[in-house]
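Peer 1: Data: final-v6.cif, mmCIF, C-alpha atoms.
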```cif
data_work
#
loop_
_atom_site.group_PDB
_atom_site.id
_atom_site.type_symbol
_atom_site.label_atom_id
_atom_site.label_comp_id
_atom_site.auth_asym_id
_atom_site.auth_seq_id
_atom_site.Cartn_x
_atom_site.Cartn_y
_atom_site.Cartn_z
ATOM 1 C CA MET X 1 2.540 -14.888 54.873
ATOM 2 C CA THR X 2 -0.567 -12.824 54.220
ATOM 3 C CA LEU X 3 1.519 -9.751 53.306
ATOM 4 C CA LYS X 4 3.602 -11.336 50.564
ATOM 5 C CA ARG X 5 0.956 -11.243 47.843
ATOM 6 C CA PRO X 6 -0.105 -7.577 48.365
ATOM 7 C CA VAL X 7 3.517 -6.448 48.621
ATOM 8 C CA SER X 8 4.480 -8.315 45.442
ATOM 9 C CA LEU X 9 1.508 -6.844 43.607
ATOM 10 C CA ILE X 10 2.453 -3.335 44.716
ATOM 11 C CA LEU X 11 6.057 -3.821 43.594
ATOM 12 C CA PHE X 12 4.939 -5.281 40.240
ATOM 13 C CA SER X 13 2.534 -2.392 39.664
ATOM 14 C CA ALA X 14 5.222 0.167 40.478
ATOM 15 C CA LEU X 15 7.739 -1.448 38.141
ATOM 16 C CA THR X 16 5.133 -1.613 35.373
ATOM 17 C CA LEU X 17 4.201 2.035 35.869
ATOM 18 C CA PHE X 18 7.742 3.338 35.710
ATOM 19 C CA SER X 19 8.806 1.049 32.871
ATOM 20 C CA CYS X 20 5.999 2.254 30.585
ATOM 21 C CA LYS X 21 6.884 5.291 28.509
ATOM 22 C CA SER X 22 4.176 7.862 27.922
ATOM 23 C CA ASP X 23 3.714 10.000 24.823
ATOM 24 C CA HIS X 24 5.677 13.234 24.873
ATOM 25 C CA PRO X 25 6.450 15.871 22.210
ATOM 26 C CA LEU X 26 9.931 15.871 20.704
ATOM 27 C CA ASP X 27 11.685 19.119 19.941
ATOM 28 C CA LYS X 28 11.982 19.943 16.253
ATOM 29 C CA LYS X 29 15.614 18.880 15.928
ATOM 30 C CA GLU X 30 14.908 15.436 17.403
ATOM 31 C CA ALA X 31 11.807 15.018 15.236
ATOM 32 C CA VAL X 32 13.662 15.944 12.028
ATOM 33 C CA ASN X 33 16.485 13.519 12.906
ATOM 34 C CA ASP X 34 13.956 10.725 13.475
ATOM 35 C CA LEU X 35 12.317 11.435 10.115
ATOM 36 C CA ARG X 36 15.676 11.404 8.362
ATOM 37 C CA ALA X 37 16.467 8.049 9.967
ATOM 38 C CA LEU X 38 13.140 6.675 8.769
ATOM 39 C CA ASN X 39 13.768 8.002 5.252
ATOM 40 C CA SER X 40 17.124 6.206 5.233
ATOM 41 C CA GLU X 41 15.492 2.932 6.278
ATOM 42 C CA ILE X 42 12.891 3.245 3.530
ATOM 43 C CA ILE X 43 15.521 4.105 0.889
ATOM 44 C CA ASN X 44 17.688 1.149 1.976
ATOM 45 C CA LEU X 45 14.665 -1.150 1.759
ATOM 46 C CA ALA X 46 13.759 0.141 -1.715
ATOM 47 C CA GLU X 47 17.348 -0.377 -2.916
ATOM 48 C CA GLN X 48 17.403 -3.857 -1.414
ATOM 49 C CA ILE X 49 14.200 -4.821 -3.248
ATOM 50 C CA SER X 50 15.257 -3.214 -6.554
ATOM 51 C CA GLU X 51 18.466 -5.259 -6.559
ATOM 52 C CA LYS X 52 16.625 -8.564 -6.324
ATOM 53 C CA PRO X 53 16.591 -10.628 -9.549
ATOM 54 C CA ALA X 54 12.805 -11.067 -9.261
ATOM 55 C CA PHE X 55 12.289 -7.282 -9.307
ATOM 56 C CA ARG X 56 14.572 -6.844 -12.328
ATOM 57 C CA ALA X 57 12.753 -9.644 -14.141
ATOM 58 C CA LEU X 58 9.364 -8.012 -13.535
ATOM 59 C CA GLU X 59 10.704 -4.645 -14.700
ATOM 60 C CA PHE X 60 11.912 -6.316 -17.891
ATOM 61 C CA LEU X 61 8.479 -7.860 -18.544
ATOM 62 C CA LYS X 62 6.596 -4.627 -17.855
ATOM 63 C CA ASN X 63 8.740 -2.691 -20.325
ATOM 64 C CA GLN X 64 8.270 -5.013 -23.314
ATOM 65 C CA SER X 65 5.589 -3.926 -25.794
ATOM 66 C CA SER X 66 5.562 -7.445 -27.286
ATOM 67 C CA SER X 67 4.678 -9.018 -23.933
ATOM 68 C CA PRO X 68 1.279 -10.767 -23.927
ATOM 69 C CA LEU X 69 0.817 -9.934 -20.244
ATOM 70 C CA PRO X 70 -2.071 -7.642 -19.232
ATOM 71 C CA PHE X 71 0.191 -5.342 -17.216
ATOM 72 C CA LYS X 72 2.974 -3.368 -18.897
ATOM 73 C CA ASN X 73 4.345 0.178 -19.096
ATOM 74 C CA ASP X 74 4.393 0.799 -22.837
ATOM 75 C CA THR X 75 2.242 3.552 -24.334
ATOM 76 C CA SER X 76 0.024 1.171 -26.291
ATOM 77 C CA ALA X 77 -1.114 -0.469 -23.037
ATOM 78 C CA ARG X 78 -2.615 2.854 -21.916
ATOM 79 C CA LEU X 79 -4.495 3.559 -25.170
ATOM 80 C CA PRO X 80 -8.213 2.731 -25.331
ATOM 81 C CA ARG X 81 -8.682 -0.786 -26.674
ATOM 82 C CA LEU X 82 -11.226 -1.621 -29.355
ATOM 83 C CA SER X 83 -11.792 -4.882 -27.471
ATOM 84 C CA PRO X 84 -11.021 -5.846 -23.852
ATOM 85 C CA TYR X 85 -7.929 -7.863 -22.974
ATOM 86 C CA SER X 86 -8.556 -11.593 -23.418
ATOM 87 C CA PHE X 87 -6.415 -13.935 -21.351
ATOM 88 C CA ALA X 88 -7.945 -16.909 -23.201
ATOM 89 C CA GLU X 89 -6.706 -15.579 -26.551
ATOM 90 C CA LYS X 90 -3.243 -14.700 -25.201
ATOM 91 C CA LYS X 91 -2.540 -18.066 -23.555
ATOM 92 C CA GLY X 92 0.486 -19.881 -24.900
ATOM 93 C CA VAL X 93 4.220 -20.434 -24.621
ATOM 94 C CA TYR X 94 6.379 -17.433 -25.532
ATOM 95 C CA LYS X 95 10.151 -17.158 -25.903
ATOM 96 C CA TRP X 96 12.331 -14.061 -26.058
ATOM 97 C CA ASP X 97 13.932 -13.604 -29.474
ATOM 98 C CA THR X 98 17.290 -11.876 -29.026
ATOM 99 C CA ILE X 99 17.458 -10.956 -32.723
ATOM 100 C CA THR X 100 14.119 -9.121 -32.929
ATOM 101 C CA GLY X 101 14.130 -8.102 -29.258
ATOM 102 C CA SER X 102 10.590 -9.348 -28.750
ATOM 103 C CA PHE X 103 8.503 -12.219 -27.444
ATOM 104 C CA VAL X 104 7.507 -14.773 -30.053
ATOM 105 C CA LYS X 105 4.666 -17.222 -29.487
ATOM 106 C CA GLN X 106 5.766 -20.854 -29.828
ATOM 107 C CA LYS X 107 2.517 -22.726 -29.283
ATOM 108 C CA ASP X 108 -0.911 -22.607 -27.630
ATOM 109 C CA THR X 109 -1.447 -23.985 -24.135
ATOM 110 C CA THR X 110 -3.845 -23.730 -21.189
ATOM 111 C CA VAL X 111 -1.690 -21.116 -19.374
ATOM 112 C CA MET X 112 0.628 -18.246 -20.278
ATOM 113 C CA LEU X 113 4.308 -19.112 -20.042
ATOM 114 C CA LEU X 114 7.133 -16.693 -20.893
ATOM 115 C CA TYR X 115 10.823 -17.639 -21.204
ATOM 116 C CA PHE X 116 13.392 -14.812 -21.156
ATOM 117 C CA PRO X 117 16.905 -13.872 -19.876
ATOM 118 C CA LEU X 118 17.883 -11.272 -17.290
ATOM 119 C CA ALA X 119 19.446 -8.128 -18.749
ATOM 120 C CA ASP X 120 22.615 -8.383 -16.621
ATOM 121 C CA ARG X 121 22.689 -12.189 -16.498
ATOM 122 C CA SER X 122 22.314 -13.414 -20.077
ATOM 123 C CA LYS X 123 22.779 -17.043 -19.049
ATOM 124 C CA ALA X 124 20.050 -16.886 -16.402
ATOM 125 C CA SER X 125 16.891 -18.737 -17.371
ATOM 126 C CA CYS X 126 13.686 -16.943 -16.350
ATOM 127 C CA ARG X 127 10.227 -18.435 -16.555
ATOM 128 C CA PHE X 128 7.070 -16.448 -15.781
ATOM 129 C CA LEU X 129 3.860 -18.415 -15.388
ATOM 130 C CA LEU X 130 0.449 -16.749 -15.413
ATOM 131 C CA SER X 131 -1.957 -19.603 -14.727
ATOM 132 C CA ASP X 132 -5.073 -17.545 -14.016
ATOM 133 C CA TYR X 133 -6.234 -14.036 -14.887
ATOM 134 C CA GLN X 134 -9.892 -13.049 -14.723
ATOM 135 C CA THR X 135 -11.469 -9.592 -14.723
ATOM 136 C CA ARG X 136 -14.823 -7.925 -14.155
ATOM 137 C CA ASP X 137 -16.003 -4.410 -14.908
ATOM 138 C CA THR X 138 -16.749 -2.037 -12.037
ATOM 139 C CA ARG X 139 -18.275 1.432 -12.060
ATOM 140 C CA SER X 140 -14.892 3.101 -11.606
ATOM 141 C CA ARG X 141 -12.716 0.741 -13.639
ATOM 142 C CA PRO X 142 -13.435 -1.640 -16.519
ATOM 143 C CA GLY X 143 -11.518 -4.896 -16.473
ATOM 144 C CA PHE X 144 -10.642 -4.962 -12.764
ATOM 145 C CA PRO X 145 -8.651 -8.152 -11.929
ATOM 146 C CA VAL X 146 -10.725 -10.492 -9.735
ATOM 147 C CA SER X 147 -8.434 -13.521 -9.904
ATOM 148 C CA THR X 148 -4.699 -13.740 -10.578
ATOM 149 C CA GLU X 149 -2.243 -16.566 -9.983
ATOM 150 C CA ALA X 150 1.367 -16.060 -11.076
ATOM 151 C CA GLU X 151 4.838 -17.432 -10.403
ATOM 152 C CA LEU X 152 8.346 -16.427 -11.440
ATOM 153 C CA PHE X 153 11.216 -18.911 -11.614
ATOM 154 C CA ILE X 154 14.888 -18.062 -12.156
ATOM 155 C CA ASP X 155 17.235 -20.945 -12.906
ATOM 156 C CA GLY X 156 14.524 -23.351 -11.759
ATOM 157 C CA ARG X 157 14.007 -21.699 -8.369
ATOM 158 C CA GLU X 158 10.758 -19.947 -7.468
ATOM 159 C CA GLU X 159 11.578 -16.290 -6.811
ATOM 160 C CA LEU X 160 8.062 -14.820 -6.731
ATOM 161 C CA SER X 161 4.474 -15.947 -6.264
ATOM 162 C CA VAL X 162 1.326 -13.822 -6.523
ATOM 163 C CA SER X 163 -2.189 -14.781 -5.488
ATOM 164 C CA HIS X 164 -4.990 -12.240 -5.833
ATOM 165 C CA HIS X 165 -8.750 -12.600 -5.486
ATOM 166 C CA ALA X 166 -11.466 -9.943 -5.459
ATOM 167 C CA VAL X 167 -15.255 -9.935 -5.178
ATOM 168 C CA ILE X 168 -17.498 -7.475 -7.036
ATOM 169 C CA ALA X 169 -20.941 -6.652 -5.657
ATOM 170 C CA GLU X 170 -23.367 -3.917 -6.759
ATOM 171 C CA ASN X 171 -20.868 -2.997 -9.489
ATOM 172 C CA MET X 172 -18.269 -2.082 -6.838
ATOM 173 C CA LEU X 173 -15.408 -3.779 -5.058
ATOM 174 C CA SER X 174 -16.669 -5.800 -2.098
ATOM 175 C CA GLU X 175 -13.548 -7.704 -1.037
ATOM 176 C CA ILE X 176 -9.870 -8.063 -1.959
ATOM 177 C CA ASN X 177 -7.357 -10.621 -0.703
ATOM 178 C CA SER X 178 -3.850 -10.455 -2.150
ATOM 179 C CA ALA X 179 -0.596 -12.151 -1.180
ATOM 180 C CA VAL X 180 2.872 -11.732 -2.675
ATOM 181 C CA HIS X 181 5.869 -13.822 -1.629
ATOM 182 C CA SER X 182 9.443 -13.247 -2.789
ATOM 183 C CA GLY X 183 12.408 -14.682 -0.906
ATOM 184 C CA ASP X 184 12.194 -13.430 2.661
ATOM 185 C CA PHE X 185 9.555 -10.823 1.792
ATOM 186 C CA ASP X 186 5.827 -11.275 2.220
ATOM 187 C CA LEU X 187 3.122 -8.754 1.367
ATOM 188 C CA ARG X 188 -0.522 -9.198 2.337
ATOM 189 C CA PHE X 189 -3.426 -6.914 1.468
ATOM 190 C CA HIS X 190 -7.036 -7.237 2.593
ATOM 191 C CA LEU X 191 -10.083 -5.050 1.995
ATOM 192 C CA ALA X 192 -13.697 -5.789 2.876
ATOM 193 C CA ARG X 193 -16.793 -3.664 2.319
ATOM 194 C CA THR X 194 -19.972 -4.106 4.344
ATOM 195 C CA GLY X 195 -23.424 -2.595 3.924
ATOM 196 C CA ASP X 196 -25.347 -1.917 0.729
ATOM 197 C CA PHE X 197 -27.669 0.601 -0.901
ATOM 198 C CA SER X 198 -30.669 -0.698 1.017
ATOM 199 C CA ARG X 199 -28.938 -0.042 4.351
ATOM 200 C CA LYS X 200 -27.545 3.351 3.269
ATOM 201 C CA SER X 201 -24.270 2.975 5.214
ATOM 202 C CA GLY X 202 -21.406 0.552 5.650
ATOM 203 C CA ILE X 203 -17.717 0.089 6.428
ATOM 204 C CA LEU X 204 -14.523 -0.358 4.429
ATOM 205 C CA GLN X 205 -11.808 -1.993 6.479
ATOM 206 C CA GLY X 206 -8.654 -3.996 6.015
ATOM 207 C CA TYR X 207 -4.888 -4.041 6.317
ATOM 208 C CA ILE X 208 -1.607 -3.894 4.426
ATOM 209 C CA ALA X 209 1.353 -5.794 5.866
ATOM 210 C CA ILE X 210 4.928 -6.289 4.655
ATOM 211 C CA GLN X 211 7.360 -8.581 6.452
ATOM 212 C CA GLU X 212 10.956 -9.632 5.915
ATOM 213 C CA GLY X 213 11.192 -13.015 7.587
ATOM 214 C CA LYS X 214 9.803 -12.442 11.076
ATOM 215 C CA LYS X 215 10.608 -8.717 10.976
ATOM 216 C CA GLU X 216 7.587 -6.470 10.507
ATOM 217 C CA ILE X 217 8.377 -3.619 8.121
ATOM 218 C CA ILE X 218 4.971 -2.091 7.413
ATOM 219 C CA ASN X 219 1.664 -2.783 9.105
ATOM 220 C CA THR X 220 -1.343 -0.653 8.250
ATOM 221 C CA GLU X 221 -4.877 -1.127 9.535
ATOM 222 C CA TYR X 222 -7.766 1.043 8.392
ATOM 223 C CA LYS X 223 -11.485 1.377 9.031
ATOM 224 C CA ILE X 224 -13.581 3.750 6.918
ATOM 225 C CA ASP X 225 -17.234 4.581 7.547
ATOM 226 C CA ILE X 226 -19.077 5.121 4.260
ATOM 227 C CA ASP X 227 -22.502 6.321 3.100
ATOM 228 C CA TYR X 228 -24.107 4.816 0.001
ATOM 229 C CA HIS X 229 -25.560 6.950 -2.776
ATOM 230 C CA PRO X 230 -27.625 4.967 -5.326
ATOM 231 C CA PRO X 231 -27.228 3.721 -7.909
ATOM 232 C CA VAL X 232 -23.483 2.939 -7.680
ATOM 233 C CA ALA X 233 -21.497 5.270 -5.447
ATOM 234 C CA TYR X 234 -20.512 5.908 -1.861
ATOM 235 C CA SER X 235 -18.846 8.708 0.071
ATOM 236 C CA VAL X 236 -16.401 8.618 2.975
ATOM 237 C CA ARG X 237 -17.718 9.773 6.342
ATOM 238 C CA TYR X 238 -14.949 8.847 8.802
ATOM 239 C CA ILE X 239 -11.420 7.420 8.507
ATOM 240 C CA ARG X 240 -9.457 5.617 11.204
ATOM 241 C CA LEU X 241 -5.913 4.703 10.173
ATOM 242 C CA LEU X 242 -3.047 3.172 12.115
ATOM 243 C CA MET X 243 0.170 2.729 10.151
ATOM 244 C CA LYS X 244 3.515 1.433 11.421
ATOM 245 C CA VAL X 245 6.615 1.795 9.239
ATOM 246 C CA PHE X 246 9.637 0.279 10.968
ATOM 247 C CA GLU X 247 9.444 1.995 14.392
ATOM 248 C CA THR X 248 7.419 5.054 13.337
ATOM 249 C CA GLN X 249 3.653 5.185 13.722
ATOM 250 C CA LEU X 250 1.092 7.290 11.899
ATOM 251 C CA LYS X 251 -2.302 7.511 13.588
ATOM 252 C CA ALA X 252 -5.193 9.318 11.951
ATOM 253 C CA ASP X 253 -8.815 10.023 12.876
ATOM 254 C CA ILE X 254 -10.559 12.110 10.207
ATOM 255 C CA ASN X 255 -14.227 13.092 10.400
ATOM 256 C CA TYR X 256 -15.045 13.931 6.770
ATOM 257 C CA GLY X 257 -18.760 13.859 7.522
ATOM 258 C CA ALA X 258 -18.405 17.038 9.594
ATOM 259 C CA MET X 259 -16.649 18.949 6.800
ATOM 260 C CA ASN X 260 -18.058 21.078 4.017
ATOM 261 C CA PRO X 261 -16.007 20.110 0.924
ATOM 262 C CA THR X 262 -16.925 23.394 -0.830
ATOM 263 C CA SER X 263 -16.009 25.617 2.114
ATOM 264 C CA ASN X 264 -13.761 28.612 1.491
ATOM 265 C CA HIS X 265 -12.022 27.662 4.743
ATOM 266 C CA TYR X 266 -11.653 23.968 4.045
ATOM 267 C CA ALA X 267 -8.212 23.707 5.674
ATOM 268 C CA ASP X 268 -9.614 25.043 8.952
ATOM 269 C CA GLU X 269 -12.516 22.580 8.755
ATOM 270 C CA PHE X 270 -10.175 19.694 8.010
ATOM 271 C CA ASN X 271 -7.792 20.513 10.861
ATOM 272 C CA SER X 272 -10.572 21.004 13.412
ATOM 273 C CA ASN X 273 -12.150 17.660 12.461
ATOM 274 C CA SER X 274 -9.022 15.542 12.271
ATOM 275 C CA LYS X 275 -6.274 14.249 14.558
ATOM 276 C CA ILE X 276 -3.201 12.993 12.717
ATOM 277 C CA PHE X 277 0.193 12.574 14.313
ATOM 278 C CA LEU X 278 3.509 10.795 13.926
ATOM 279 C CA LYS X 279 5.174 8.989 16.795
ATOM 280 C CA ASN X 280 8.468 7.184 17.398
ATOM 281 C CA LEU X 281 7.501 3.886 19.044
ATOM 282 C CA GLU X 282 10.940 3.345 20.557
ATOM 283 C CA ASP X 283 10.747 6.316 22.912
ATOM 284 C CA MET X 284 7.028 7.246 22.400
ATOM 285 C CA GLY X 285 8.130 10.694 21.237
ATOM 286 C CA VAL X 286 5.574 12.561 19.134
ATOM 287 C CA LEU X 287 7.312 13.926 16.031
ATOM 288 C CA GLY X 288 4.478 16.261 15.111
ATOM 289 C CA ASN X 289 0.907 16.666 13.907
ATOM 290 C CA ILE X 290 -0.108 16.530 10.251
ATOM 291 C CA VAL X 291 -2.264 19.465 9.152
ATOM 292 C CA LEU X 292 -3.671 20.903 5.948
ATOM 293 C CA SER X 293 -2.332 24.355 5.056
ATOM 294 C CA SER X 294 -1.850 26.625 2.054
ATOM 295 C CA ASP X 295 1.397 26.150 0.181
ATOM 296 C CA ASN X 296 3.500 29.342 0.264
ATOM 297 C CA GLY X 297 0.449 31.543 0.688
ATOM 298 C CA THR X 298 -1.220 30.267 -2.503
ATOM 299 C CA ASP X 299 -4.698 28.783 -2.888
ATOM 300 C CA LYS X 300 -3.152 25.334 -3.219
ATOM 301 C CA LEU X 301 -3.585 23.185 -0.117
ATOM 302 C CA ASP X 302 -1.079 20.558 0.944
ATOM 303 C CA TYR X 303 -0.185 18.442 3.968
ATOM 304 C CA PHE X 304 2.338 19.836 6.445
ATOM 305 C CA ILE X 305 3.904 18.471 9.595
ATOM 306 C CA ARG X 306 3.570 20.841 12.541
ATOM 307 C CA PHE X 307 6.393 20.448 15.066
ATOM 308 C CA SER X 308 6.213 21.053 18.816
ATOM 309 C CA ASP X 309 7.513 24.630 18.389
ATOM 310 C CA GLY X 310 4.565 25.476 16.099
ATOM 311 C CA THR X 311 6.591 25.673 12.868
ATOM 312 C CA GLU X 312 5.399 23.759 9.808
ATOM 313 C CA THR X 313 7.116 22.150 6.838
ATOM 314 C CA LEU X 314 5.777 20.271 3.821
ATOM 315 C CA LEU X 315 5.183 16.631 4.607
ATOM 316 C CA SER X 316 6.556 15.669 1.185
ATOM 317 C CA ASP X 317 9.865 17.322 2.132
ATOM 318 C CA GLN X 318 10.107 15.065 5.163
ATOM 319 C CA LEU X 319 8.522 11.761 4.204
ATOM 320 C CA ILE X 320 7.178 10.973 0.741
ATOM 321 C CA ILE X 321 5.590 7.628 1.675
ATOM 322 C CA LEU X 322 3.276 9.239 4.231
ATOM 323 C CA LYS X 323 2.147 11.882 1.765
ATOM 324 C CA LYS X 324 1.096 9.140 -0.639
ATOM 325 C CA VAL X 325 -0.971 7.472 2.082
ATOM 326 C CA MET X 326 -2.657 10.738 3.086
ATOM 327 C CA HIS X 327 -3.558 11.549 -0.529
ATOM 328 C CA LEU X 328 -5.608 8.375 -0.847
ATOM 329 C CA LYS X 329 -8.416 10.644 0.278
ATOM 330 C CA TYR X 330 -8.183 14.426 -0.080
#
```
Could you take the file, read its structure, and then write that structure out as structure tokens?
Peer 2:
Amino acid sequence: MTLKRPVSLILFSALTLFSCKSDHPLDKKEAVNDLRALNSEIINLAEQISEKPAFRALEFLKNQSSSPLPFKNDTSARLPRLSPYSFAEKKGVYKWDTITGSFVKQKDTTVMLLYFPLADRSKASCRFLLSDYQTRDTRSRPGFPVSTEAELFIDGREELSVSHHAVIAENMLSEINSAVHSGDFDLRFHLARTGDFSRKSGILQGYIAIQEGKKEIINTEYKIDIDYHPPVAYSVRYIRLLMKVFETQLKADINYGAMNPTSNHYADEFNSNSKIFLKNLEDMGVLGNIVLSSDNGTDKLDYFIRFSDGTETLLSDQLIILKKVMHLKY
């Protein structure tokens, strides 16, 4: 009887040991195939989202110069304004006029309410409600949204809801909490900044998560050590990033504090003070390391993926989404 417990523990430990897969480098062909598979998943997801009525309705709103909304793509929205955008002045009920091809204000109200059709479903009734929109100026951006509440209804059914809240402290972003829900999709974003000018240093940390039902599509966690520089600025000292896209993981540790940004050999400094790699979580195979190198022998630096055989190829040629993440800080 006294031997049963030790024997069972030994067997359990052995099974656990052999069932766990350890990290191992993939050959270039396997790595490229894995990246292509990931690209396909991302493209399929993008197509799936773009086909949703809620996405098409938002695209319609963003492209209308007559829209009273604060966010749109037309050229006039990007021109310097003589006066800041005023949600209080824009509140009201608006309807789409098919003859003039523009939104026409019907009456004043305490919220902003837009009625319009879908381009490919003329009989569909769309209603966009912006019940709250507040902004505050920051050092880097005037009119930064600090509170937004919005909903989109199509044929009486809620297809999209947006809730966004931000805190400004010392003329800089201190916290952001955003949530977007559309059908089976949920997006959550969180950022928090600690420390202040009196303490000289602090931390930026948070996450970005996208789910479809119970399926996790993207999960990104980041922690950034920062140093404050009065009166209203800070610099990045160290970045820790863990990003999961479907079954591919990007892990990055970057020590910017040890680099000389004006160095003539900046790529060498970056690569010696950073560890960035891609891994397939299904088989724990390492696809490659991400490094900074010159592009075709020019002075221009770009991110490359270095495979297990030592060859390198532009990261943007393999995976555009990861390049965008890496260029958040260059």
Peer 1: Would you translate the PyMOL selection byres ((chain X and resi 165-168) around 9) into the concrete set of residues it matches in this file, as a PDB file with C-alpha atoms, keeping the file's coordinate frame?
Peer 2:
```pdb
ATOM      1  CA  ARG X 136     -14.823  -7.925 -14.155  1.00  0.00           C
ATOM      2  CA  ASP X 137     -16.003  -4.410 -14.908  1.00  0.00           C
ATOM      3  CA  THR X 138     -16.749  -2.037 -12.037  1.00  0.00           C
ATOM      4  CA  PHE X 144     -10.642  -4.962 -12.764  1.00  0.00           C
ATOM      5  CA  PRO X 145      -8.651  -8.152 -11.929  1.00  0.00           C
ATOM      6  CA  VAL X 146     -10.725 -10.492  -9.735  1.00  0.00           C
ATOM      7  CA  SER X 147      -8.434 -13.521  -9.904  1.00  0.00           C
ATOM      8  CA  THR X 148      -4.699 -13.740 -10.578  1.00  0.00           C
ATOM      9  CA  GLU X 149      -2.243 -16.566  -9.983  1.00  0.00           C
ATOM     10  CA  SER X 163      -2.189 -14.781  -5.488  1.00  0.00           C
ATOM     11  CA  HIS X 164      -4.990 -12.240  -5.833  1.00  0.00           C
ATOM     12  CA  ALA X 169     -20.941  -6.652  -5.657  1.00  0.00           C
ATOM     13  CA  GLU X 170     -23.367  -3.917  -6.759  1.00  0.00           C
ATOM     14  CA  ASN X 171     -20.868  -2.997  -9.489  1.00  0.00           C
ATOM     15  CA  MET X 172     -18.269  -2.082  -6.838  1.00  0.00           C
ATOM     16  CA  LEU X 173     -15.408  -3.779  -5.058  1.00  0.00           C
ATOM     17  CA  SER X 174     -16.669  -5.800  -2.098  1.00  0.00           C
ATOM     18  CA  GLU X 175     -13.548  -7.704  -1.037  1.00  0.00           C
ATOM     19  CA  ILE X 176      -9.870  -8.063  -1.959  1.00  0.00           C
ATOM     20  CA  ASN X 177      -7.357 -10.621  -0.703  1.00  0.00           C
ATOM     21  CA  SER X 178      -3.850 -10.455  -2.150  1.00  0.00           C
TER      22      SER X 178
END
```
Peer 1: Taking every listed atom of stretch 237-246 of chain X and adding 8 Å to each side, what centre and edge lengths in Å (one decimal) does the axis-aligned box have, as AutoDock Vina command-line options?
Peer 2:
```
--center_x -4.0 --center_y 5.0 --center_z 9.2 --size_x 43.4 --size_y 25.5 --size_z 21.8
```
Peer 1: Rounded to one decimal in Å, what is the spacing between atom CA of X:Met284 and atom CA of X:Glu312?
Peer 2: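 Interatomic distance, atom CA of X:Met284 to atom CA of X:Glu312: 20.8 Å.
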Peer 1: Could you pull the residues within 12 Å of X:Lys72, counting only C-alpha atoms, minus those fewer than 6 positions along the same chain, as a PyMOL selection string?
Peer 2: chain X and resi 58-66+78-79
Peer 1: What is the distance between atom CA of X:Val111 and atom CA of X:Ser131, in Å to one decimal?
Peer 2: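 Interatomic distance, atom CA of X:Val111 to atom CA of X:Ser131: 4.9 Å.
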Peer 1: Return as a PyMOL selection string the set of residues that the PyMOL selection byres ((chain X and resi 283) around 12) yields on the displayed structure.
Peer 2: chain X and resi 19-26+30-31+34+247-249+279-282+284-287
Peer 1: Return as CSV the residues of stretch 167-217 of chain X lying at most 12 Å from stretch 47-51 of chain X, together with the closest atom-to-atom pair for each and the distance in Å to one decimal, counting all atoms listed in the file, with rows in chain order and ascending residue number.
Peer 2:
```
residue,atom,partner,partner_atom,distance
X:Ser182,CA,X:Ile49,CA,9.7
X:Gly183,CA,X:Ile49,CA,10.3
X:Asp184,CA,X:Ile49,CA,10.6
X:Phe185,CA,X:Ile49,CA,9.1
X:Asp186,CA,X:Ile49,CA,11.9
X:Glu212,CA,X:Ile49,CA,10.8
```
Peer 1: Mind giving me the straight-line distance from atom CA of X:Ala179 to atom CA of X:Tyr234 in Å, one decimal?
Peer 2: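 Distance between the two atoms: 26.9 Å.
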Peer 1: For X:Pro231, which of X:Arg139, X:Leu38, X:Gly310, X:Ser161 is the closest residue, counting only C-alpha atoms?
Peer 2: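 Looking only at the distances to X:Pro231, the closest residue turns out to be X:Arg139.
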Peer 1: Find the residues near X:Leu152: any atom within 7 Å, counting all atoms listed in the file, skip ones fewer than 3 places away on the same chain, and give them as a list in words.
Peer 2: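 Listing them by chain and then by number gives Arg127, Phe128, Leu129, Glu158, Glu159, Leu160 and Ser161 of chain X.
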Peer 1: From the list X:His190, X:Lys251, X:His229, X:Lys215, which residue is nearest X:Asn289 when using only C-alpha atoms?
Peer 2: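 Looking only at the distances to X:Asn289, the closest residue turns out to be X:Lys251.
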Peer 1: Give me the result of the PyMOL selection byres ((chain X and resi 219) around 8) on this file, residue by residue, as JSON, numbers by chain.
Peer 2: {"X": [207, 208, 209, 210, 216, 217, 218, 220, 221, 243, 244, 245]}
Peer 1: Would you kindly return, as a list in words, each protein, DNA or RNA residue with an atom no farther than 12 Å from any atom of X:Asp295, considering only C-alpha atoms and excluding same-chain residues fewer than 3 positions away?
Peer 2: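 Near neighbours after the sequence-gap exclusion: Ala267, Val291, Leu292, Thr298, Asp299, Lys300, Leu301, Asp302, Tyr303, Phe304, Glu312, Thr313, Leu314, Leu315 and Ser316 of chain X.
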Peer 1: Take the selection from the previous step and output its residues with C-alpha atoms, as a PDB file, keeping the file's coordinate frame.
Peer 2:
```pdb
ATOM      1  CA  ALA X 267      -8.212  23.707   5.674  1.00  0.00           C
ATOM      2  CA  VAL X 291      -2.264  19.465   9.152  1.00  0.00           C
ATOM      3  CA  LEU X 292      -3.671  20.903   5.948  1.00  0.00           C
ATOM      4  CA  THR X 298      -1.220  30.267  -2.503  1.00  0.00           C
ATOM      5  CA  ASP X 299      -4.698  28.783  -2.888  1.00  0.00           C
ATOM      6  CA  LYS X 300      -3.152  25.334  -3.219  1.00  0.00           C
ATOM      7  CA  LEU X 301      -3.585  23.185  -0.117  1.00  0.00           C
ATOM      8  CA  ASP X 302      -1.079  20.558   0.944  1.00  0.00           C
ATOM      9  CA  TYR X 303      -0.185  18.442   3.968  1.00  0.00           C
ATOM     10  CA  PHE X 304       2.338  19.836   6.445  1.00  0.00           C
ATOM     11  CA  GLU X 312       5.399  23.759   9.808  1.00  0.00           C
ATOM     12  CA  THR X 313       7.116  22.150   6.838  1.00  0.00           C
ATOM     13  CA  LEU X 314       5.777  20.271   3.821  1.00  0.00           C
ATOM     14  CA  LEU X 315       5.183  16.631   4.607  1.00  0.00           C
ATOM     15  CA  SER X 316       6.556  15.669   1.185  1.00  0.00           C
TER      16      SER X 316
END
```
